[in-house]
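Following: one structure in structure tokens, then a few remarks.
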Amino acid sequence: MKSLRSLFITRPGIAFLLSGLVLSIFLRVPHYQQQFTFVDEGIYAATAAELINGASLYRDVWCNHMPLAIYFCKAMFQILGLDSLSVHLGSLLLVLLESLILYFVGRRFFGERAGGLAAFAYAVISTNFYTPRIIGYTPEQLTAVFITLAAYFFLRALIENRRMECLLTGLLSVVAVFSKPSALPEALMFVFCIMLFAPARARVKAVFWLVVGMTIGSVLFLGLIDQFLDLRAWWEQ
């Protein structure tokens with residue numbers, strides 16, 4: 001207890017981060033006794049199981065969900081086995097990953113305490129059983145990871161005037177949108193922030209590289225769907 005108190009005094013950011021991660025795990029464990037916490041988890045799992053058995057998404061399996069959530073679920077099945085626990089652990093992994101990213105982003109730009117508090121807040125709020133969707137596996141978890149990484153590179157681009165970071169911001173924000181289209185406002189937010197906060201001389205170049213990144217991400221995503229899945233069927237479903 002004394003060492004824990006000492007950690008909060010000397011390294012509050014780390015203490016908040018670790019507390020959030022541990023609390024998130026303990027809050028989720030009781031709900032892992034259920035096979036799935038809401039219907040969409042069952043859809044992701046059933047679809048991913050069909051893909052493991054050789055089916056083609058959108059050709060052989062009708063699904064009105066974006067492919068990234070399905071393929072992440074498939075990856076969890078391949079790594080951990082074809083069981084609902086794999087979906088739960090995948091969801092937990094994304095929560096812990098997002099908490100770590102928030103910590104490092106906060107520490108890099110706002111201080112260690114801010115990073116720790118951000119990680120703690122996300123770990124707890126994302127594990128609060130207010131509705132089944134919050135505690136279950138959702139595409140929004142993937143969106144949060146990608147959009148937070150995009151925000152990290154955006155802040156670096158804004159502060160250090162780096163074009164490669166602008167490109168990565170655009171690329172990651174498009175991946176976030178294709179994991180869940182509701183992330184579109186967050187992706188457009190980067191453009192508005194450049195217009196509002198970037199130095200006047202750097203605005204055009206920053207927007208240019210941001211759009212280049214978005215274009216690359218869109219072309220890659222649609223190209224992969226067309227190559228390995230069915231672009232027309234994906235659009236229709």
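Within each chain, counting starts at residue 1; across the structure tokens, chains are named A, B, ... in the order shown, with ligands numbered 1 upward in that order.
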Residues near A:Phe190, anyone? I mean within 9 Å using only C-alpha atoms, not counting same-chain ones fewer than 2 positions away, as a tab-separated table (two decimals) with C-alpha atoms, in the first residue's frame.
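Generated output (part.tsv):
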chain	number	residue	atom	x	y	z
A	151	ALA	CA	-4.54	12.64	-33.67
A	154	PHE	CA	-1.70	15.42	-36.44
A	169	THR	CA	-2.91	11.56	-40.25
A	170	GLY	CA	-4.92	11.35	-43.45
A	173	SER	CA	-8.22	8.81	-40.33
A	186	GLU	CA	-13.43	13.28	-36.69
A	187	ALA	CA	-11.52	12.85	-39.95
A	188	LEU	CA	-12.85	16.16	-41.32
A	192	PHE	CA	-10.72	22.35	-40.04
A	193	CYS	CA	-8.04	22.38	-37.33
A	194	ILE	CA	-5.36	22.97	-39.95
A	195	MET	CA	-7.31	25.93	-41.31
A	207	VAL	CA	-4.04	20.19	-46.28
A	210	LEU	CA	-3.54	15.34	-45.46
If we count only C-alpha atoms, what is near A:Val124 at a cut-off of 6 Å, once residues fewer than 3 positions away on the same chain are taken out, given as a PyMOL selection string? chain A and resi 24+121+127
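You can rank A:Met76, A:Val22, A:Ala48, A:Ile147 by their closest distance to A:Leu184 using only C-alpha atoms, and at the top of that list sits A:Ile147.
If you measure from each of A:Leu23, A:Cys166, A:Leu51, A:Leu171 to A:Lys205 using only C-alpha atoms, the closest one turns out to be A:Cys166.
Near A:Ala45, within a cut-off of 10 Å and counting only C-alpha atoms, sit the residues Phe36, Asp40, Glu50, Leu51, Ala69, Ile70, Tyr71, Cys73, Lys74, Met76, Phe77, Leu82, Asp83, Ser84, Ser86 and Val87 of chain A, with same-chain residues fewer than 5 positions away left out.
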Output file for the residues above (C-alpha atoms, as a PDB file, in the first residue's frame):
ATOM      1  CA  PHE A  36     -21.935 -12.533 -26.233  1.00  0.00           C
ATOM      2  CA  ASP A  40     -23.634  -7.643 -33.172  1.00  0.00           C
ATOM      3  CA  GLU A  50     -17.544 -18.731 -41.952  1.00  0.00           C
ATOM      4  CA  LEU A  51     -14.454 -16.955 -43.286  1.00  0.00           C
ATOM      5  CA  ALA A  69     -14.385  -5.575 -37.549  1.00  0.00           C
ATOM      6  CA  ILE A  70     -15.001  -8.981 -39.114  1.00  0.00           C
ATOM      7  CA  TYR A  71     -11.364  -9.609 -39.969  1.00  0.00           C
ATOM      8  CA  CYS A  73     -12.590 -11.101 -35.064  1.00  0.00           C
ATOM      9  CA  LYS A  74     -11.273 -13.701 -37.511  1.00  0.00           C
ATOM     10  CA  MET A  76      -8.671 -13.447 -32.780  1.00  0.00           C
ATOM     11  CA  PHE A  77     -10.206 -16.814 -33.658  1.00  0.00           C
ATOM     12  CA  LEU A  82     -12.915 -20.533 -32.229  1.00  0.00           C
ATOM     13  CA  ASP A  83     -14.610 -19.501 -29.005  1.00  0.00           C
ATOM     14  CA  SER A  84     -16.608 -16.527 -27.754  1.00  0.00           C
ATOM     15  CA  SER A  86     -11.602 -14.925 -28.126  1.00  0.00           C
ATOM     16  CA  VAL A  87     -14.025 -12.119 -29.018  1.00  0.00           C
TER      17      VAL A  87
END
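One finds atom CA of A:Phe120 at 14.0 Å from atom CA of A:Arg11.
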Selection near A:Leu97, 12 Å with only C-alpha atoms, sequence-local residues under 2 positions removed, as JSON, numbers by chain: {"A": [17, 20, 21, 24, 89, 90, 91, 92, 93, 94, 95, 99, 100, 101, 102, 103, 104, 119, 122, 123, 141, 142, 144, 145, 146, 148, 149]}
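Picture a line from atom CA of A:Gly213 to atom CA of A:Ser182; it runs 19.0 Å.
Here the question is which of A:Pro185, A:Gly223, A:Gly217, A:Pro139 gets nearest to A:Leu168 using only C-alpha atoms, and that residue is A:Gly217.
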Pull the helix (DSSP H, G or I) assignments for stretch 7-213 of chain A out of DSSP run on the backbone, and list those residues as an MDAnalysis selection string. chainID A and resid 7:10 12:33 39:52 67:80 84:109 112:125 132:135 139:160 163:179 181:197 200:213
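When only C-alpha atoms are used to compute distances to A:Met189, the closest of the residues A:Ala150, A:Ile225, A:Val105, A:Val39 turns out to be A:Ala150.
One finds atom CA of A:Ser218 at 6.5 Å from atom CA of A:Val174.
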